[in-house]
$ cat my_file_39.cif   # mmCIF, C-alpha atoms
data_run
#
loop_
_atom_site.label_atom_id
_atom_site.label_comp_id
_atom_site.auth_asym_id
_atom_site.auth_seq_id
_atom_site.Cartn_x
_atom_site.Cartn_y
_atom_site.Cartn_z
CA MET A 14 0.00 0.00 0.00
CA GLN A 15 1.23 3.51 -0.85
CA ARG A 16 2.07 5.73 2.09
CA VAL A 17 0.56 9.19 1.65
CA ARG A 18 0.17 12.42 3.61
CA VAL A 19 -2.89 14.64 3.38
CA ARG A 20 -1.96 18.26 2.62
CA ALA A 21 -2.22 20.45 5.72
CA ASP A 22 -3.76 23.35 3.78
CA MET A 23 -6.85 25.31 4.81
CA PRO A 24 -8.14 26.74 1.52
CA PRO A 25 -11.43 28.64 1.38
CA GLY A 26 -14.48 27.29 -0.45
CA HIS A 27 -16.07 23.86 -0.85
CA VAL A 28 -13.62 21.15 0.16
CA ARG A 29 -14.37 17.47 0.80
CA THR A 30 -11.22 16.70 2.75
CA PRO A 31 -12.18 16.66 6.45
CA THR A 32 -10.14 19.04 8.59
CA TYR A 33 -9.27 16.34 11.12
CA LEU A 34 -7.39 14.42 8.42
CA ARG A 35 -5.30 17.30 7.09
CA GLY A 36 -1.59 16.83 7.69
CA LYS A 37 -2.14 13.16 8.66
CA THR A 38 -0.37 10.20 7.12
CA GLY A 39 -1.96 6.93 6.05
CA LEU A 40 -1.88 4.14 3.50
CA THR A 41 -3.80 4.12 0.23
CA GLU A 42 -6.07 1.07 0.48
CA ARG A 43 -7.40 1.34 -3.09
CA VAL A 44 -7.65 3.93 -5.85
CA LEU A 45 -11.05 4.71 -7.35
CA GLY A 46 -12.33 7.02 -10.02
CA PRO A 47 -11.41 9.13 -11.81
CA PHE A 48 -14.20 11.40 -10.58
CA PRO A 49 -14.69 15.12 -11.29
CA ASN A 50 -13.13 17.40 -8.69
CA PRO A 51 -15.99 18.40 -6.34
CA GLU A 52 -14.19 21.62 -5.43
CA GLU A 53 -14.74 22.76 -9.03
CA LEU A 54 -18.18 21.17 -9.46
CA ALA A 55 -19.39 23.19 -6.49
CA TYR A 56 -18.82 26.37 -8.49
CA ARG A 57 -20.36 24.98 -11.68
CA HIS A 58 -17.04 24.32 -13.36
CA LYS A 59 -16.62 21.11 -15.30
CA GLY A 60 -14.42 19.45 -12.68
CA ALA A 61 -11.11 17.90 -13.70
CA ALA A 62 -11.12 14.09 -13.49
CA LEU A 63 -9.06 13.02 -10.49
CA PRO A 64 -8.19 9.67 -8.92
CA LEU A 65 -9.89 9.15 -5.56
CA HIS A 66 -7.85 7.36 -2.91
CA ARG A 67 -9.33 5.42 -0.03
CA VAL A 68 -6.76 6.13 2.65
CA ARG A 69 -6.48 4.08 5.81
CA PHE A 70 -5.33 5.91 8.92
CA ARG A 71 -4.39 4.57 12.33
CA MET A 72 -6.50 6.15 15.09
CA GLY A 73 -3.32 6.75 17.11
CA ASP A 74 -1.96 8.81 14.19
CA LEU A 75 -5.16 10.88 14.05
CA TRP A 76 -5.80 11.57 17.72
CA GLY A 77 -2.47 10.93 19.47
CA ASP A 78 -2.76 10.23 23.17
CA ALA A 79 -6.50 10.98 23.02
CA ALA A 80 -7.12 8.01 20.75
CA GLU A 81 -9.67 5.60 22.19
CA THR A 82 -7.84 2.53 20.81
CA PRO A 83 -4.72 3.57 18.88
CA ASP A 84 -4.61 0.49 16.64
CA ASP A 85 -8.19 0.92 15.41
CA THR A 86 -8.39 2.34 11.91
CA LEU A 87 -10.33 4.87 9.85
CA GLU A 88 -10.73 5.02 6.10
CA ALA A 89 -11.76 8.04 4.07
CA GLU A 90 -11.94 9.04 0.41
CA ILE A 91 -9.35 11.70 -0.42
CA TYR A 92 -8.89 13.23 -3.87
CA ALA A 93 -5.41 12.82 -5.36
CA HIS A 94 -4.58 16.54 -5.40
CA TRP A 95 -4.86 16.54 -1.58
CA LEU A 96 -2.22 13.83 -1.21
CA GLU A 97 1.56 13.84 -1.29
CA LEU A 98 3.84 10.85 -1.10
CA ALA A 99 5.14 10.17 2.39
CA ASP A 100 8.38 8.44 3.25
CA ALA A 101 8.30 5.20 5.17
CA PRO A 102 8.35 5.87 8.94
CA MET B 10 -27.33 8.22 21.64
CA PRO B 11 -29.81 6.37 19.39
CA HIS B 12 -32.64 7.61 21.56
CA ASP B 13 -31.52 11.15 22.22
CA HIS B 14 -34.56 13.24 21.38
CA HIS B 15 -35.30 16.91 21.45
CA ASP B 16 -39.01 16.46 20.87
CA HIS B 17 -41.47 18.82 22.36
CA LEU B 18 -44.26 17.34 24.39
CA SER B 19 -47.76 18.72 24.42
CA PRO B 20 -49.49 19.17 27.80
CA SER B 21 -51.19 15.83 27.14
CA GLY B 22 -47.82 14.17 26.62
CA HIS B 23 -47.90 13.79 22.83
CA PRO B 24 -44.72 14.66 20.98
CA TYR B 25 -45.04 17.35 18.33
CA ARG B 26 -42.87 19.39 16.05
CA SER B 27 -43.00 23.16 16.40
CA ASP B 28 -44.91 24.88 13.58
CA ASP B 29 -42.50 26.28 11.01
CA ASP B 30 -44.17 29.68 10.87
CA HIS B 31 -41.35 31.55 9.19
CA PRO B 32 -40.80 32.96 5.71
CA LEU B 33 -39.43 30.58 3.08
CA THR B 34 -35.65 30.35 3.07
CA TYR B 35 -33.64 31.19 -0.05
CA TRP B 36 -33.26 27.52 -1.01
CA GLN B 37 -36.90 26.66 -0.31
CA THR B 38 -37.90 29.47 -2.68
CA MET B 39 -35.35 28.22 -5.22
CA GLU B 40 -36.69 24.64 -5.05
CA ILE B 41 -40.27 25.75 -5.57
CA ALA B 42 -39.31 28.09 -8.42
CA VAL B 43 -37.26 25.44 -10.26
CA ARG B 44 -39.93 22.76 -9.74
CA GLU B 45 -42.71 25.01 -11.04
CA LEU B 46 -40.63 26.05 -14.05
CA LEU B 47 -39.82 22.43 -14.95
CA ILE B 48 -43.52 21.60 -14.79
CA GLU B 49 -44.62 24.71 -16.73
CA LYS B 50 -42.09 24.00 -19.47
CA GLY B 51 -43.24 20.40 -19.75
CA VAL B 52 -39.88 18.89 -18.66
CA THR B 53 -41.60 16.89 -15.92
CA THR B 54 -44.96 16.68 -14.21
CA ALA B 55 -46.13 16.93 -10.62
CA SER B 56 -47.23 13.33 -10.88
CA ASP B 57 -43.75 12.19 -12.00
CA ILE B 58 -42.19 14.05 -9.07
CA ALA B 59 -44.63 12.36 -6.68
CA LYS B 60 -43.74 8.98 -8.26
CA GLN B 61 -40.03 9.60 -7.66
CA ILE B 62 -40.75 10.46 -4.02
CA ASP B 63 -42.77 7.24 -3.74
CA ALA B 64 -39.92 5.29 -5.33
CA MET B 65 -37.46 6.70 -2.78
CA ASP B 66 -39.83 6.02 0.10
CA ALA B 67 -40.26 2.44 -1.13
CA ARG B 68 -36.52 1.79 -0.78
CA ASN B 69 -35.87 0.32 2.62
CA PRO B 70 -33.38 -1.74 4.60
CA ALA B 71 -35.05 -4.98 3.50
CA MET B 72 -33.37 -4.48 0.11
CA GLY B 73 -29.95 -4.31 1.72
CA ALA B 74 -30.81 -7.31 3.87
CA GLN B 75 -31.37 -9.36 0.72
CA VAL B 76 -27.94 -8.31 -0.56
CA VAL B 77 -26.31 -9.36 2.73
CA ALA B 78 -28.14 -12.69 2.85
CA ARG B 79 -27.07 -13.47 -0.70
CA TYR B 80 -23.49 -12.55 0.19
CA TRP B 81 -23.66 -15.13 2.98
CA THR B 82 -25.11 -17.89 0.80
CA ASP B 83 -23.65 -17.36 -2.69
CA PRO B 84 -19.82 -17.22 -2.86
CA ALA B 85 -19.80 -16.11 -6.51
CA PHE B 86 -22.12 -13.23 -5.64
CA ALA B 87 -19.96 -12.36 -2.62
CA ALA B 88 -16.90 -12.06 -4.86
CA ALA B 89 -18.84 -9.96 -7.37
CA LEU B 90 -20.15 -7.66 -4.62
CA LEU B 91 -16.63 -7.04 -3.31
CA ALA B 92 -15.35 -6.38 -6.82
CA ASP B 93 -18.14 -3.96 -7.81
CA GLY B 94 -20.84 -3.42 -5.22
CA ALA B 95 -23.07 -1.30 -7.42
CA GLN B 96 -23.03 -3.65 -10.42
CA ALA B 97 -23.65 -6.77 -8.33
CA THR B 98 -26.56 -5.05 -6.59
CA ARG B 99 -28.08 -3.97 -9.92
CA GLU B 100 -27.75 -7.51 -11.25
CA MET B 101 -29.84 -8.67 -8.28
CA GLY B 102 -32.58 -6.46 -9.71
CA PHE B 103 -32.32 -3.39 -7.48
CA ASP B 104 -32.69 0.00 -9.15
CA ILE B 105 -30.00 1.95 -7.34
CA GLY B 106 -29.52 4.62 -10.01
CA PRO B 107 -25.99 5.95 -10.42
CA MET B 108 -24.94 5.07 -6.86
CA LYS B 109 -21.40 3.70 -6.42
CA LEU B 110 -21.31 1.13 -3.64
CA ILE B 111 -18.56 -0.52 -1.62
CA ALA B 112 -19.37 -3.55 0.56
CA LEU B 113 -17.44 -3.76 3.82
CA PRO B 114 -17.44 -7.30 5.21
CA ASN B 115 -16.98 -7.68 8.95
CA ALA B 116 -14.81 -10.53 10.16
CA PRO B 117 -14.43 -12.22 13.54
CA ASP B 118 -11.63 -9.73 14.30
CA LEU B 119 -12.89 -6.68 12.34
CA HIS B 120 -15.95 -4.48 12.85
CA ASN B 121 -16.80 -1.80 10.28
CA ILE B 122 -18.92 1.29 10.99
CA VAL B 123 -19.96 4.00 8.53
CA VAL B 124 -20.34 7.74 9.14
CA CYS B 125 -20.35 10.87 6.99
CA THR B 126 -18.67 13.64 8.96
CA LEU B 127 -19.11 16.28 6.26
CA CYS B 128 -22.84 15.89 5.66
CA SER B 129 -25.01 12.78 5.70
CA CYS B 130 -23.98 10.60 2.73
CA TYR B 131 -25.87 7.31 2.99
CA PRO B 132 -26.70 4.52 0.51
CA ARG B 133 -30.28 5.80 0.16
CA ASN B 134 -30.77 4.15 -3.21
CA LEU B 135 -30.41 0.78 -1.53
CA LEU B 136 -31.37 1.25 2.15
CA GLY B 137 -33.85 4.13 1.85
CA LEU B 138 -33.65 7.31 3.90
CA PRO B 139 -31.16 7.40 6.78
CA PRO B 140 -32.25 7.42 10.42
CA ASP B 141 -32.31 10.89 12.01
CA TRP B 142 -29.40 10.17 14.34
CA TYR B 143 -27.15 9.38 11.36
CA LYS B 144 -27.37 13.05 10.40
CA SER B 145 -26.82 14.38 13.93
CA ARG B 146 -23.68 16.30 14.86
CA ALA B 147 -23.18 13.96 17.83
CA TYR B 148 -23.03 10.80 15.67
CA ARG B 149 -20.96 12.47 12.96
CA SER B 150 -18.35 13.96 15.28
CA ARG B 151 -18.10 11.20 17.86
CA THR B 152 -17.95 8.16 15.57
CA VAL B 153 -14.57 9.12 14.11
CA ARG B 154 -13.13 9.90 17.53
CA GLU B 155 -14.65 7.39 19.98
CA PRO B 156 -16.33 4.71 17.89
CA ARG B 157 -16.25 2.13 20.67
CA LYS B 158 -18.19 4.41 23.02
CA VAL B 159 -20.73 5.06 20.29
CA LEU B 160 -20.99 1.33 19.61
CA ALA B 161 -21.48 0.65 23.32
CA GLU B 162 -24.38 3.12 23.37
CA PHE B 163 -25.94 1.17 20.51
CA GLY B 164 -25.56 -1.97 22.60
CA VAL B 165 -22.72 -3.42 20.53
CA THR B 166 -19.98 -5.12 22.50
CA LEU B 167 -17.11 -6.57 20.54
CA ALA B 168 -14.94 -9.56 21.30
CA ASP B 169 -11.50 -8.76 22.67
CA GLY B 170 -8.99 -8.25 19.89
CA THR B 171 -11.55 -6.94 17.43
CA GLU B 172 -10.33 -4.02 15.33
CA VAL B 173 -12.85 -1.23 14.79
CA ARG B 174 -12.62 0.38 11.35
CA VAL B 175 -14.51 3.61 10.81
CA HIS B 176 -15.41 4.60 7.25
CA ASP B 177 -15.87 8.32 6.72
CA SER B 178 -18.04 8.61 3.61
CA THR B 179 -16.36 11.78 2.36
CA ALA B 180 -16.82 11.71 -1.40
CA ASP B 181 -18.32 9.63 -4.20
CA MET B 182 -18.70 6.17 -2.70
CA ARG B 183 -21.50 4.81 -0.53
CA TYR B 184 -21.04 1.93 1.90
CA ILE B 185 -22.88 -1.11 3.19
CA VAL B 186 -21.46 -3.14 6.05
CA ILE B 187 -21.78 -6.91 5.67
CA PRO B 188 -22.32 -8.10 9.24
CA ASN B 189 -20.99 -11.45 10.37
CA ARG B 190 -23.38 -14.30 9.73
CA PRO B 191 -24.90 -15.32 13.07
CA ALA B 192 -23.96 -18.67 14.53
CA GLY B 193 -26.66 -21.31 14.43
CA THR B 194 -27.90 -20.45 10.92
CA GLU B 195 -26.16 -23.26 9.05
CA GLY B 196 -28.34 -24.46 6.21
CA TRP B 197 -30.69 -21.47 6.30
CA ASP B 198 -31.83 -20.09 2.97
CA ALA B 199 -31.30 -16.48 1.93
CA GLU B 200 -34.86 -15.43 2.69
CA ALA B 201 -34.72 -16.66 6.27
CA LEU B 202 -31.28 -15.13 6.75
CA ALA B 203 -32.40 -11.73 5.41
CA ALA B 204 -34.86 -11.44 8.31
CA LEU B 205 -31.86 -11.35 10.68
CA VAL B 206 -30.21 -8.40 8.94
CA THR B 207 -31.11 -5.08 10.56
CA ARG B 208 -30.63 -1.59 9.17
CA ASP B 209 -28.13 -0.80 11.92
CA SER B 210 -26.11 -3.93 11.16
CA MET B 211 -25.58 -2.54 7.63
CA ILE B 212 -24.47 0.86 8.99
CA GLY B 213 -22.23 -0.86 11.51
CA THR B 214 -24.02 0.42 14.61
CA GLY B 215 -25.47 -3.04 15.11
CA ILE B 216 -24.86 -6.70 14.42
CA ALA B 217 -27.17 -9.22 12.81
CA ARG B 218 -29.87 -10.77 14.98
CA THR B 219 -29.24 -14.22 16.35
CA PRO B 220 -31.87 -16.88 15.72
#

$ encode --input "my_file_39.cif" --output "structure tokens"
Amino acid sequence: MQRVRVRADMPPGHVRTPTYLRGKTGLTERVLGPFPNPEELAYRHKGAALPLHRVRFRMGDLWGDAAETPDDTLEAEIYAHWLELADAP
Amino acid sequence: MPHDHHDHLSPSGHPYRSDDDHPLTYWQTMEIAVRELLIEKGVTTASDIAKQIDAMDARNPAMGAQVVARYWTDPAFAAALLADGAQATREMGFDIGPMKLIALPNAPDLHNIVVCTLCSCYPRNLLGLPPDWYKSRAYRSRTVREPRKVLAEFGVTLADGTEVRVHDSTADMRYIVIPNRPAGTEGWDAEALAALVTRDSMIGTGIARTP
């Protein structure tokens, strides 16, 4: 599985990358799409076709010491332009 | 949490919803304007709109229960559902429209639960309309942070060593959890098994009934 990091940006406008995942690192579980970029669709633009990654995060990596059970996992759909390659830990 | 209510009670103890005696909002006005224009211009009819509402209301968790029961009893279908959830569901005869579906099978050591933190994405075209709590801020914010506490409030206790996997339905895909097949159902046919599959077991806030 590819190790990826979600961009830590806070752009204005319609974004479908949850804030709590920004800056977090996970593993791409599968790649779907391409689907039109919802950030462009929201403003009635055509929406560039983008791969959609299902990224698996470890709860301990999301919530740190506050994690309920650190080895539980969470998966979310993140558009490719929100992801950068991350080095192995 | 499933039974957190903010209902008003009348003096006689009957719950009621406050009258919405306020001017139309911008989007309510927009919806009425667009609907009336589409009808006036002959693009659609009031009757067709009512039929679509009926069709949505007719979708219900029993459809998903049939999918789960077939997954349990038909290995070829199970493989097809994992490969392309939407196509396999359509081939069973369900009209799910353009919905893209991913099936999430539980395992003895894995429990899946679905939430949409950004809004209220839900596989409506298969399971019908979501329960009210699914759209609540409490469910949406807590499930990604303390899923085991949420599960406990739904009465779900997991065996030691079970991994909880939360699925935040953030974009284009919709999800159905495939609960574990209950023990003691060996030899049951799909129809009998489907009766054990609850709505909550397909969201992940429940497990299948035991016989």

$ resolve_selection --input "my_file_39.cif" --expression "the PyMOL selection byres ((chain B) within 10 of (chain A))" --output "compact mmCIF listing (two decimals) with C-alpha atoms, keeping the file's coordinate frame"
# COMPACT_ATOMS: atom_id res chain seq x y z
CA LEU B 119 -12.89 -6.68 12.34
CA HIS B 120 -15.95 -4.48 12.85
CA ASN B 121 -16.80 -1.80 10.28
CA ILE B 122 -18.92 1.29 10.99
CA VAL B 123 -19.96 4.00 8.53
CA VAL B 124 -20.34 7.74 9.14
CA CYS B 125 -20.35 10.87 6.99
CA THR B 126 -18.67 13.64 8.96
CA LEU B 127 -19.11 16.28 6.26
CA CYS B 128 -22.84 15.89 5.66
CA VAL B 153 -14.57 9.12 14.11
CA ARG B 154 -13.13 9.90 17.53
CA GLU B 155 -14.65 7.39 19.98
CA PRO B 156 -16.33 4.71 17.89
CA ARG B 157 -16.25 2.13 20.67
CA LYS B 158 -18.19 4.41 23.02
CA THR B 171 -11.55 -6.94 17.43
CA GLU B 172 -10.33 -4.02 15.33
CA VAL B 173 -12.85 -1.23 14.79
CA ARG B 174 -12.62 0.38 11.35
CA VAL B 175 -14.51 3.61 10.81
CA HIS B 176 -15.41 4.60 7.25
CA ASP B 177 -15.87 8.32 6.72
CA SER B 178 -18.04 8.61 3.61
CA THR B 179 -16.36 11.78 2.36
CA ALA B 180 -16.82 11.71 -1.40
CA ASP B 181 -18.32 9.63 -4.20
CA MET B 182 -18.70 6.17 -2.70

$ atom_distance --input "my_file_39.cif" --atom1 "atom CA of Gly137 of chain B" --atom2 "atom CA of Asp63 of chain B"
11.0 Å

$ atom_distance --input "my_file_39.cif" --atom1 "atom CA of Ala87 of chain B" --atom2 "atom CA of Ile187 of chain B"
10.1 Å

$ resolve_selection --input "my_file_39.cif" --expression "the PyMOL selection byres ((chain B and resi 65) around 8)" --output "list in words"
Gln61, Ile62, Asp63, Ala64, Asp66, Ala67, Arg68, Arg133, Asn134, Gly137 and Leu138 of chain B

$ atom_distance --input "my_file_39.cif" --atom1 "atom CA of Ala95 of chain B" --atom2 "atom CA of Lys60 of chain B"
23.1 Å

$ resolve_selection --input "my_file_39.cif" --expression "the PyMOL selection byres ((chain A and resi 35) around 10)" --output "list of chain:residue names"
A:Arg18, A:Val19, A:Arg20, A:Ala21, A:Asp22, A:Met23, A:Thr30, A:Pro31, A:Thr32, A:Tyr33, A:Leu34, A:Gly36, A:Lys37, A:Thr38, A:Leu75, A:Trp95, A:Leu96

$ residues_around --input "my_file_39.cif" --residues "segment 197-203 of chain B" --least-positions-apart "5" --cutoff "6 Å" --atoms "all atoms listed in the file" --output "list in words"
Ala74, Gln75, Ala78 and Arg79 of chain B

$ residues_near_point --input "my_file_39.cif" --point "(-28.9, -3.2, 15.4)" --cutoff "12 Å" --atoms "only C-alpha atoms" --output "PyMOL selection string"
chain B and resi 11+70+122+160-166+186+188+205-219

$ closest_residue --input "my_file_39.cif" --among "A:Leu63, A:Glu52, A:Asp74, A:Pro83" --to "Pro25 of chain A" --atoms "all atoms listed in the file"
A:Glu52

$ build_atoms --input "my_file_39.cif" --residues "segment 42-67 of chain A" --atoms "N, CA and C atoms" --output "mmCIF file, keeping the file's coordinate frame"
data_model
loop_
_atom_site.group_PDB
_atom_site.id
_atom_site.type_symbol
_atom_site.label_atom_id
_atom_site.label_comp_id
_atom_site.auth_asym_id
_atom_site.auth_seq_id
_atom_site.Cartn_x
_atom_site.Cartn_y
_atom_site.Cartn_z
ATOM 1 N N GLU A 42 -5.516 2.432 0.455
ATOM 2 C CA GLU A 42 -6.070 1.070 0.480
ATOM 3 C C GLU A 42 -6.512 0.653 -0.913
ATOM 4 N N ARG A 43 -7.094 1.565 -1.678
ATOM 5 C CA ARG A 43 -7.400 1.340 -3.090
ATOM 6 C C ARG A 43 -7.606 2.697 -3.764
ATOM 7 N N VAL A 44 -7.465 2.690 -5.085
ATOM 8 C CA VAL A 44 -7.650 3.930 -5.850
ATOM 9 C C VAL A 44 -8.901 3.768 -6.702
ATOM 10 N N LEU A 45 -9.782 4.743 -6.614
ATOM 11 C CA LEU A 45 -11.050 4.710 -7.350
ATOM 12 C C LEU A 45 -11.072 5.865 -8.344
ATOM 13 N N GLY A 46 -12.142 5.914 -9.096
ATOM 14 C CA GLY A 46 -12.330 7.020 -10.020
ATOM 15 C C GLY A 46 -11.748 6.713 -11.391
ATOM 16 N N PRO A 47 -11.409 7.708 -12.178
ATOM 17 C CA PRO A 47 -11.410 9.130 -11.810
ATOM 18 C C PRO A 47 -12.825 9.717 -11.700
ATOM 19 N N PHE A 48 -12.960 10.654 -10.764
ATOM 20 C CA PHE A 48 -14.200 11.400 -10.580
ATOM 21 C C PHE A 48 -13.910 12.896 -10.719
ATOM 22 N N PRO A 49 -14.909 13.675 -11.159
ATOM 23 C CA PRO A 49 -14.690 15.120 -11.290
ATOM 24 C C PRO A 49 -14.449 15.780 -9.936
ATOM 25 N N ASN A 50 -13.515 16.711 -9.925
ATOM 26 C CA ASN A 50 -13.130 17.400 -8.690
ATOM 27 C C ASN A 50 -14.322 18.166 -8.105
ATOM 28 N N PRO A 51 -14.798 17.755 -6.904
ATOM 29 C CA PRO A 51 -15.990 18.400 -6.340
ATOM 30 C C PRO A 51 -15.752 19.862 -5.980
ATOM 31 N N GLU A 52 -14.483 20.223 -5.777
ATOM 32 C CA GLU A 52 -14.190 21.620 -5.430
ATOM 33 C C GLU A 52 -14.479 22.536 -6.613
ATOM 34 N N GLU A 53 -14.405 21.980 -7.830
ATOM 35 C CA GLU A 53 -14.740 22.760 -9.030
ATOM 36 C C GLU A 53 -16.222 22.612 -9.365
ATOM 37 N N LEU A 54 -16.753 21.392 -9.191
ATOM 38 C CA LEU A 54 -18.180 21.170 -9.460
ATOM 39 C C LEU A 54 -19.048 22.119 -8.631
ATOM 40 N N ALA A 55 -18.607 22.379 -7.401
ATOM 41 C CA ALA A 55 -19.390 23.190 -6.490
ATOM 42 C C ALA A 55 -19.603 24.597 -7.028
ATOM 43 N N TYR A 56 -18.708 25.014 -7.934
ATOM 44 C CA TYR A 56 -18.820 26.370 -8.490
ATOM 45 C C TYR A 56 -19.196 26.312 -9.976
ATOM 46 N N ARG A 57 -19.821 25.184 -10.328
ATOM 47 C CA ARG A 57 -20.360 24.980 -11.680
ATOM 48 C C ARG A 57 -19.290 24.927 -12.753
ATOM 49 N N HIS A 58 -18.055 24.614 -12.355
ATOM 50 C CA HIS A 58 -17.040 24.320 -13.360
ATOM 51 C C HIS A 58 -17.144 22.845 -13.712
ATOM 52 N N LYS A 59 -16.468 22.469 -14.789
ATOM 53 C CA LYS A 59 -16.620 21.110 -15.300
ATOM 54 C C LYS A 59 -16.065 20.080 -14.313
ATOM 55 N N GLY A 60 -14.989 20.396 -13.641
ATOM 56 C CA GLY A 60 -14.420 19.450 -12.680
ATOM 57 C C GLY A 60 -13.429 18.509 -13.344
ATOM 58 N N ALA A 61 -12.136 18.765 -13.118
ATOM 59 C CA ALA A 61 -11.110 17.900 -13.700
ATOM 60 C C ALA A 61 -11.234 16.494 -13.102
ATOM 61 N N ALA A 62 -11.033 15.480 -13.962
ATOM 62 C CA ALA A 62 -11.120 14.090 -13.490
ATOM 63 C C ALA A 62 -9.905 13.764 -12.640
ATOM 64 N N LEU A 63 -10.148 13.298 -11.417
ATOM 65 C CA LEU A 63 -9.060 13.020 -10.490
ATOM 66 C C LEU A 63 -9.206 11.617 -9.907
ATOM 67 N N PRO A 64 -8.093 10.937 -9.668
ATOM 68 C CA PRO A 64 -8.190 9.670 -8.920
ATOM 69 C C PRO A 64 -8.651 9.969 -7.488
ATOM 70 N N LEU A 65 -9.396 9.009 -6.933
ATOM 71 C CA LEU A 65 -9.890 9.150 -5.560
ATOM 72 C C LEU A 65 -9.290 8.009 -4.737
ATOM 73 N N HIS A 66 -8.508 8.379 -3.743
ATOM 74 C CA HIS A 66 -7.850 7.360 -2.910
ATOM 75 C C HIS A 66 -8.697 7.053 -1.688
ATOM 76 N N ARG A 67 -8.795 5.753 -1.350
ATOM 77 C CA ARG A 67 -9.330 5.420 -0.030
ATOM 78 C C ARG A 67 -8.104 5.230 0.862
#
